[in-house]
>>> print(open('input-v3.txt').read())   # compact mmCIF, C-alpha atoms
# COMPACT_ATOMS: atom_id res chain seq x y z
CA ASP A 1 21.49 -32.67 19.86
CA GLY A 2 23.03 -29.20 20.21
CA GLY A 3 22.07 -26.75 22.88
CA ILE A 4 22.60 -25.31 26.31
CA THR A 5 21.88 -27.22 29.47
CA GLN A 6 21.42 -25.85 32.94
CA SER A 7 20.98 -27.89 36.04
CA PRO A 8 19.15 -28.23 38.23
CA LYS A 9 15.87 -26.70 37.13
CA TYR A 10 14.92 -25.85 40.72
CA LEU A 11 17.34 -25.26 43.57
CA PHE A 12 16.65 -24.53 47.21
CA ARG A 13 19.25 -23.27 49.66
CA LYS A 14 19.45 -21.84 53.11
CA GLU A 15 20.61 -18.30 53.61
CA GLY A 16 24.36 -18.05 54.15
CA GLN A 17 25.26 -20.92 51.84
CA ASN A 18 27.11 -20.58 48.57
CA VAL A 19 25.53 -22.36 45.63
CA THR A 20 26.88 -23.12 42.16
CA LEU A 21 24.68 -23.24 39.09
CA SER A 22 25.93 -25.18 36.11
CA CYS A 23 25.80 -24.20 32.45
CA GLU A 24 27.08 -26.36 29.60
CA GLN A 25 26.90 -25.75 25.86
CA ASN A 26 27.85 -27.84 22.87
CA LEU A 27 27.24 -25.15 20.27
CA ASN A 28 30.96 -24.35 20.02
CA HIS A 29 30.26 -20.75 21.02
CA ASP A 30 33.12 -18.65 22.36
CA ALA A 31 30.93 -16.28 24.34
CA MET A 32 28.77 -17.22 27.31
CA TYR A 33 26.62 -15.12 29.60
CA TRP A 34 24.75 -15.25 32.88
CA TYR A 35 21.56 -13.27 33.38
CA ARG A 36 19.23 -12.83 36.27
CA GLN A 37 15.48 -12.43 35.75
CA ASP A 38 13.10 -11.19 38.43
CA PRO A 39 9.31 -11.00 38.03
CA GLY A 40 8.27 -8.14 35.77
CA GLN A 41 11.88 -7.32 35.00
CA GLY A 42 13.99 -7.72 31.95
CA LEU A 43 17.19 -9.71 31.89
CA ARG A 44 20.08 -8.23 33.82
CA LEU A 45 23.61 -9.27 32.96
CA ILE A 46 25.66 -10.74 35.81
CA TYR A 47 28.87 -11.90 34.09
CA TYR A 48 30.00 -12.73 30.60
CA SER A 49 32.94 -14.51 29.06
CA GLN A 50 34.13 -14.05 25.51
CA ILE A 51 36.89 -16.61 25.66
CA VAL A 52 38.22 -19.36 27.90
CA ASN A 53 40.00 -18.17 31.04
CA ASP A 54 38.60 -14.67 30.69
CA PHE A 55 35.40 -13.07 31.96
CA GLN A 56 33.99 -9.63 32.71
CA LYS A 57 31.51 -8.25 35.19
CA GLY A 58 28.08 -7.28 33.99
CA ASP A 59 25.68 -4.80 35.53
CA ILE A 60 24.96 -6.75 38.73
CA ALA A 61 28.07 -8.82 39.47
CA GLU A 62 28.22 -8.12 43.21
CA GLY A 63 27.72 -11.31 45.23
CA TYR A 64 28.42 -13.59 42.26
CA SER A 65 31.50 -15.31 40.88
CA VAL A 66 32.22 -17.32 37.73
CA SER A 67 34.93 -19.38 36.09
CA ARG A 68 35.60 -20.33 32.49
CA GLU A 69 38.10 -23.17 32.45
CA LYS A 70 36.54 -24.90 29.46
CA LYS A 71 34.86 -23.53 26.38
CA GLU A 72 31.77 -25.62 27.05
CA SER A 73 31.25 -24.69 30.68
CA PHE A 74 30.51 -21.45 32.54
CA PRO A 75 29.40 -22.13 36.13
CA LEU A 76 27.98 -19.37 38.30
CA THR A 77 28.42 -19.27 42.07
CA VAL A 78 25.89 -17.32 44.08
CA THR A 79 27.69 -16.39 47.25
CA SER A 80 26.31 -15.55 50.67
CA ALA A 81 27.21 -11.93 49.93
CA GLN A 82 24.37 -11.67 47.39
CA LYS A 83 21.62 -9.92 49.31
CA ASN A 84 18.64 -11.06 47.23
CA PRO A 85 19.64 -14.32 45.57
CA THR A 86 16.17 -15.73 44.97
CA ALA A 87 15.61 -15.38 41.21
CA PHE A 88 15.49 -17.13 37.87
CA TYR A 89 19.00 -17.53 36.45
CA LEU A 90 19.52 -17.87 32.73
CA CYS A 91 22.69 -18.88 30.95
CA ALA A 92 23.21 -18.00 27.32
CA SER A 93 25.83 -18.46 24.66
CA GLY A 94 26.53 -17.09 21.24
CA PRO A 95 27.47 -13.78 19.69
CA THR A 96 26.03 -10.61 21.20
CA TYR A 97 23.69 -10.21 18.24
CA GLU A 98 22.04 -13.64 18.62
CA GLN A 99 22.06 -15.38 21.95
CA TYR A 100 20.84 -18.87 22.74
CA PHE A 101 19.42 -19.39 26.20
CA GLY A 102 19.37 -22.44 28.42
CA PRO A 103 16.20 -23.53 30.22
CA GLY A 104 17.18 -21.66 33.40
CA THR A 105 17.57 -22.49 37.08
CA ARG A 106 15.05 -21.18 39.56
CA LEU A 107 16.91 -20.54 42.83
CA THR A 108 15.08 -20.06 46.10
CA VAL A 109 17.00 -19.04 49.19
CA THR A 110 15.23 -19.04 52.54
CA GLY B 111 23.14 4.99 31.91
CA GLN B 112 21.98 3.36 28.75
CA GLN B 113 18.35 2.29 28.88
CA VAL B 114 15.90 0.43 26.70
CA MET B 115 12.29 1.18 27.54
CA GLN B 116 9.54 -1.13 26.39
CA ILE B 117 5.79 -0.51 26.39
CA PRO B 118 3.25 -1.62 27.24
CA GLN B 119 4.19 -3.86 30.14
CA TYR B 120 1.07 -5.98 29.70
CA GLN B 121 -1.42 -6.42 26.89
CA HIS B 122 -4.49 -8.57 26.73
CA VAL B 123 -6.23 -9.17 23.41
CA GLN B 124 -8.98 -11.28 21.99
CA GLU B 125 -7.84 -13.92 19.57
CA GLY B 126 -7.76 -12.44 16.09
CA GLU B 127 -6.91 -8.90 17.25
CA ASP B 128 -3.61 -7.27 16.44
CA PHE B 129 -0.85 -6.54 18.97
CA THR B 130 2.09 -4.15 19.01
CA THR B 131 4.94 -3.64 21.45
CA TYR B 132 7.35 -0.73 21.28
CA CYS B 133 10.94 -0.29 22.29
CA ASN B 134 12.82 2.98 22.79
CA SER B 135 16.48 3.48 23.49
CA SER B 136 18.20 6.45 25.06
CA THR B 137 21.13 5.97 22.69
CA THR B 138 21.66 5.01 19.07
CA LEU B 139 21.86 1.26 18.65
CA SER B 140 24.01 -0.81 16.33
CA ASN B 141 21.30 -3.42 16.19
CA ILE B 142 18.19 -4.53 18.01
CA GLN B 143 17.01 -8.04 18.69
CA TRP B 144 13.67 -9.51 19.68
CA TYR B 145 13.14 -12.54 21.89
CA LYS B 146 10.04 -14.44 22.98
CA GLN B 147 9.69 -16.14 26.33
CA ARG B 148 6.77 -18.51 26.79
CA PRO B 149 5.32 -18.83 30.32
CA GLY B 150 7.71 -20.93 32.39
CA GLY B 151 10.24 -21.02 29.56
CA HIS B 152 13.37 -19.26 28.48
CA PRO B 153 13.90 -16.48 25.93
CA VAL B 154 14.13 -17.61 22.33
CA PHE B 155 15.75 -15.45 19.67
CA LEU B 156 13.30 -14.22 17.04
CA ILE B 157 15.16 -11.75 14.86
CA GLN B 158 17.86 -9.12 14.56
CA LEU B 159 17.46 -5.74 12.86
CA VAL B 160 20.54 -3.83 11.82
CA LYS B 161 19.75 -1.22 9.19
CA SER B 162 18.04 2.11 9.70
CA GLY B 163 14.37 1.84 8.73
CA GLU B 164 14.60 -1.92 8.31
CA VAL B 165 11.39 -3.95 8.21
CA LYS B 166 11.35 -7.73 8.48
CA LYS B 167 8.45 -10.15 8.49
CA GLN B 168 8.04 -13.62 9.90
CA LYS B 169 4.59 -14.91 8.99
CA ARG B 170 2.22 -12.80 11.14
CA LEU B 171 5.05 -10.93 12.91
CA THR B 172 6.40 -7.64 11.55
CA PHE B 173 9.52 -6.06 13.03
CA GLN B 174 10.63 -2.48 12.40
CA PHE B 175 13.78 -0.56 13.24
CA GLY B 176 13.45 3.22 13.36
CA GLU B 177 15.24 5.59 11.05
CA ALA B 178 17.33 6.97 13.91
CA LYS B 179 18.09 3.45 15.15
CA LYS B 180 16.72 4.33 18.57
CA ASN B 181 13.34 2.64 18.44
CA SER B 182 11.77 -0.55 17.26
CA SER B 183 8.42 -2.27 17.19
CA LEU B 184 7.00 -5.75 16.91
CA HIS B 185 3.52 -6.11 15.44
CA ILE B 186 1.54 -9.34 15.45
CA THR B 187 -1.40 -9.57 13.05
CA ALA B 188 -4.43 -11.63 14.02
CA THR B 189 -3.08 -13.02 17.28
CA GLN B 190 -3.45 -16.66 18.16
CA THR B 191 -3.33 -18.38 21.54
CA THR B 192 0.11 -19.68 20.61
CA ASP B 193 1.38 -16.08 20.66
CA VAL B 194 1.09 -15.79 24.45
CA GLY B 195 4.28 -15.00 26.27
CA THR B 196 6.63 -12.14 26.99
CA TYR B 197 8.33 -10.35 24.15
CA PHE B 198 11.66 -8.69 24.88
CA CYS B 199 13.64 -6.30 22.79
CA ALA B 200 17.38 -6.09 23.34
CA GLY B 201 19.43 -3.22 22.01
CA GLN B 202 23.13 -3.37 21.36
CA ALA B 203 25.35 -0.31 21.69
CA GLY B 204 29.04 -1.10 21.67
CA THR B 205 29.61 -4.42 23.38
CA ALA B 206 26.67 -4.06 25.76
CA LEU B 207 23.32 -5.70 25.11
CA ILE B 208 20.52 -4.08 27.09
CA PHE B 209 17.20 -5.85 27.46
CA GLY B 210 13.89 -4.09 27.82
CA LYS B 211 11.59 -5.26 30.61
CA GLY B 212 9.33 -7.00 28.15
CA THR B 213 5.69 -6.93 27.13
CA THR B 214 3.58 -9.80 28.38
CA LEU B 215 0.86 -10.77 25.93
CA SER B 216 -2.19 -12.75 26.92
CA VAL B 217 -4.75 -13.93 24.39
CA SER B 218 -8.26 -15.10 25.09
CA SER B 219 -10.18 -17.25 22.63
>>> encode(input="input-v3.txt", output="structure tokens")
Amino acid sequence: DGGITQSPKYLFRKEGQNVTLSCEQNLNHDAMYWYRQDPGQGLRLIYYSQIVNDFQKGDIAEGYSVSREKKESFPLTVTSAQKNPTAFYLCASGPTYEQYFGPGTRLTVT
Amino acid sequence: GQQVMQIPQYQHVQEGEDFTTYCNSSTTLSNIQWYKQRPGGHPVFLIQLVKSGEVKKQKRLTFQFGEAKKNSSLHITATQTTDVGTYFCAGQAGTALIFGKGTTLSVSS
């Protein structure tokens, strides 16, 4: 069954802790993306990767880091430097003109 | 910077009424995409429009791309309760894909 998986669905952390969100795809897509969604807002691009071992910053990369060691995986680390980390995080893969989204991880930092 | 504006932000309709959401870009787009996000869900790709003046239909949904490739619309005929959700447009200019803030549609029966 092809698709994108993100885990966990809900994540709770204390302020000051780094947290890593996972994203795995078996669609054989080269490109993968991380977006952040806040209530009433559109999707804002955090990082994207067009090929293994390469990635670029999106519009709101500050306080986040990523790696792309495997084609299937694109984990996102939310660092303690991110001032407002509580949000819904969506991973996507596919070409720019047709992206497939995972179910998302809702992160709450208190 | 490049922006994609989407209106209205919210729309409530009675079941059976029509619904339209509009998207406007500050720059010419190479293509525009539409996504639907159900409450509590994730965005799902609906369609891509590429050509100037293009019109595409999917059952009760009609998508249009403006002649100048700066605006687009999604029209739903005779809404149903299954149409509830947030509809996003996403415009591509160069390598960047910019999402609008979405229009949230609610439908009462």
>>> interface_residues(input="input-v3.txt", of="chain A", to="chain B", cutoff="9 Å", atoms="only C-alpha atoms", output="PyMOL selection string")
chain A and resi 40-45+58+90+96-104
>>> atom_distance(input="input-v3.txt", atom1="atom CA of A:Thr79", atom2="atom CA of A:Val19")
6.6 Å
>>> atom_distance(input="input-v3.txt", atom1="atom CA of B:Gly111", atom2="atom CA of A:Lys57")
16.0 Å
>>> atom_distance(input="input-v3.txt", atom1="atom CA of A:Asn18", atom2="atom CA of A:Thr77")
6.8 Å
>>> residues_around(input="input-v3.txt", residues="B:Ser183", least_positions_apart="2", cutoff="8 Å", atoms="only C-alpha atoms", output="number ranges by chain")
B: 130-133, 173-175, 181, 185
>>> closest_residue(input="input-v3.txt", among="A:Gln56, A:Gln50, A:Thr20, A:Ser93", to="A:Ser80", atoms="all atoms listed in the file")
A:Thr20
>>> axis_aligned_box(input="input-v3.txt", around="stretch 185-198 of chain B", padding_each_side="3 Å", output="JSON")
{"center_x": 3.6, "center_y": -12.9, "center_z": 20.0, "size_x": 22.1, "size_y": 19.6, "size_z": 19.9}
>>> closest_residue(input="input-v3.txt", among="B:Thr192, B:Ser216, B:Gln168, B:Lys179", to="B:Thr137", atoms="only C-alpha atoms")
B:Lys179
>>> residues_around(input="input-v3.txt", residues="B:Thr138", least_positions_apart="4", cutoff="8 Å", atoms="all atoms listed in the file", output="PyMOL selection string")
chain B and resi 178-180+203
>>> write_last_selection(input="input-v3.txt", atoms="C-alpha atoms", output="compact mmCIF listing (two decimals), keeping the file's coordinate frame")
# COMPACT_ATOMS: atom_id res chain seq x y z
CA ALA B 178 17.33 6.97 13.91
CA LYS B 179 18.09 3.45 15.15
CA LYS B 180 16.72 4.33 18.57
CA ALA B 203 25.35 -0.31 21.69
>>> residues_around(input="input-v3.txt", residues="A:Asn53", least_positions_apart="6", cutoff="9 Å", atoms="all atoms listed in the file", output="list in words")
Ser67, Arg68, Glu69, Lys70 and Lys71 of chain A
>>> closest_residue(input="input-v3.txt", among="A:Glu72, A:Asp38, A:Asp59, A:Asp54", to="A:Cys23", atoms="all atoms listed in the file")
A:Glu72
>>> decode(input="input-v3.txt", residues="stretch 136-185 of chain B", atoms="C-alpha atoms", output="PDB file, in the first residue's frame")
ATOM      1  CA  SER B 136       0.857  38.903  -7.335  1.00  0.00           C
ATOM      2  CA  THR B 137       2.930  37.292 -10.088  1.00  0.00           C
ATOM      3  CA  THR B 138       2.311  35.221 -13.190  1.00  0.00           C
ATOM      4  CA  LEU B 139       2.136  31.539 -12.391  1.00  0.00           C
ATOM      5  CA  SER B 140       3.371  28.558 -14.369  1.00  0.00           C
ATOM      6  CA  ASN B 141       0.586  26.478 -12.933  1.00  0.00           C
ATOM      7  CA  ILE B 142      -1.918  26.456 -10.114  1.00  0.00           C
ATOM      8  CA  GLN B 143      -3.067  23.534  -8.032  1.00  0.00           C
ATOM      9  CA  TRP B 144      -6.046  22.960  -5.787  1.00  0.00           C
ATOM     10  CA  TYR B 145      -6.093  20.851  -2.646  1.00  0.00           C
ATOM     11  CA  LYS B 146      -8.848  19.868  -0.224  1.00  0.00           C
ATOM     12  CA  GLN B 147      -8.307  19.318   3.470  1.00  0.00           C
ATOM     13  CA  ARG B 148     -11.100  17.673   5.426  1.00  0.00           C
ATOM     14  CA  PRO B 149     -11.469  18.651   9.103  1.00  0.00           C
ATOM     15  CA  GLY B 150      -8.718  16.915  11.061  1.00  0.00           C
ATOM     16  CA  GLY B 151      -7.144  15.600   7.871  1.00  0.00           C
ATOM     17  CA  HIS B 152      -4.365  16.447   5.500  1.00  0.00           C
ATOM     18  CA  PRO B 153      -4.434  18.224   2.134  1.00  0.00           C
ATOM     19  CA  VAL B 154      -5.341  16.055  -0.821  1.00  0.00           C
ATOM     20  CA  PHE B 155      -4.443  17.046  -4.370  1.00  0.00           C
ATOM     21  CA  LEU B 156      -7.470  17.792  -6.529  1.00  0.00           C
ATOM     22  CA  ILE B 157      -6.187  19.182  -9.806  1.00  0.00           C
ATOM     23  CA  GLN B 158      -3.529  21.154 -11.640  1.00  0.00           C
ATOM     24  CA  LEU B 159      -4.201  23.888 -14.199  1.00  0.00           C
ATOM     25  CA  VAL B 160      -1.446  24.906 -16.570  1.00  0.00           C
ATOM     26  CA  LYS B 161      -2.813  26.701 -19.610  1.00  0.00           C
ATOM     27  CA  SER B 162      -4.080  30.258 -19.808  1.00  0.00           C
ATOM     28  CA  GLY B 163      -7.884  30.279 -19.654  1.00  0.00           C
ATOM     29  CA  GLU B 164      -8.022  26.573 -18.850  1.00  0.00           C
ATOM     30  CA  VAL B 165     -11.247  25.128 -17.443  1.00  0.00           C
ATOM     31  CA  LYS B 166     -11.447  21.659 -15.942  1.00  0.00           C
ATOM     32  CA  LYS B 167     -14.356  19.827 -14.388  1.00  0.00           C
ATOM     33  CA  GLN B 168     -14.550  17.045 -11.856  1.00  0.00           C
ATOM     34  CA  LYS B 169     -18.189  16.087 -11.364  1.00  0.00           C
ATOM     35  CA  ARG B 170     -19.687  19.077  -9.499  1.00  0.00           C
ATOM     36  CA  LEU B 171     -16.353  20.938  -9.240  1.00  0.00           C
ATOM     37  CA  THR B 172     -15.252  23.415 -11.905  1.00  0.00           C
ATOM     38  CA  PHE B 173     -11.750  24.870 -11.891  1.00  0.00           C
ATOM     39  CA  GLN B 174     -10.645  27.876 -13.928  1.00  0.00           C
ATOM     40  CA  PHE B 175      -7.271  29.455 -14.613  1.00  0.00           C
ATOM     41  CA  GLY B 176      -7.312  33.097 -15.672  1.00  0.00           C
ATOM     42  CA  GLU B 177      -6.136  34.365 -19.009  1.00  0.00           C
ATOM     43  CA  ALA B 178      -3.221  36.197 -17.406  1.00  0.00           C
ATOM     44  CA  LYS B 179      -2.347  33.135 -15.312  1.00  0.00           C
ATOM     45  CA  LYS B 180      -2.597  35.200 -12.148  1.00  0.00           C
ATOM     46  CA  ASN B 181      -5.959  34.092 -10.834  1.00  0.00           C
ATOM     47  CA  SER B 182      -8.007  30.972 -10.446  1.00  0.00           C
ATOM     48  CA  SER B 183     -11.331  29.850  -9.086  1.00  0.00           C
ATOM     49  CA  LEU B 184     -12.990  26.710  -7.815  1.00  0.00           C
ATOM     50  CA  HIS B 185     -16.757  26.464  -8.135  1.00  0.00           C
TER      51      HIS B 185
END
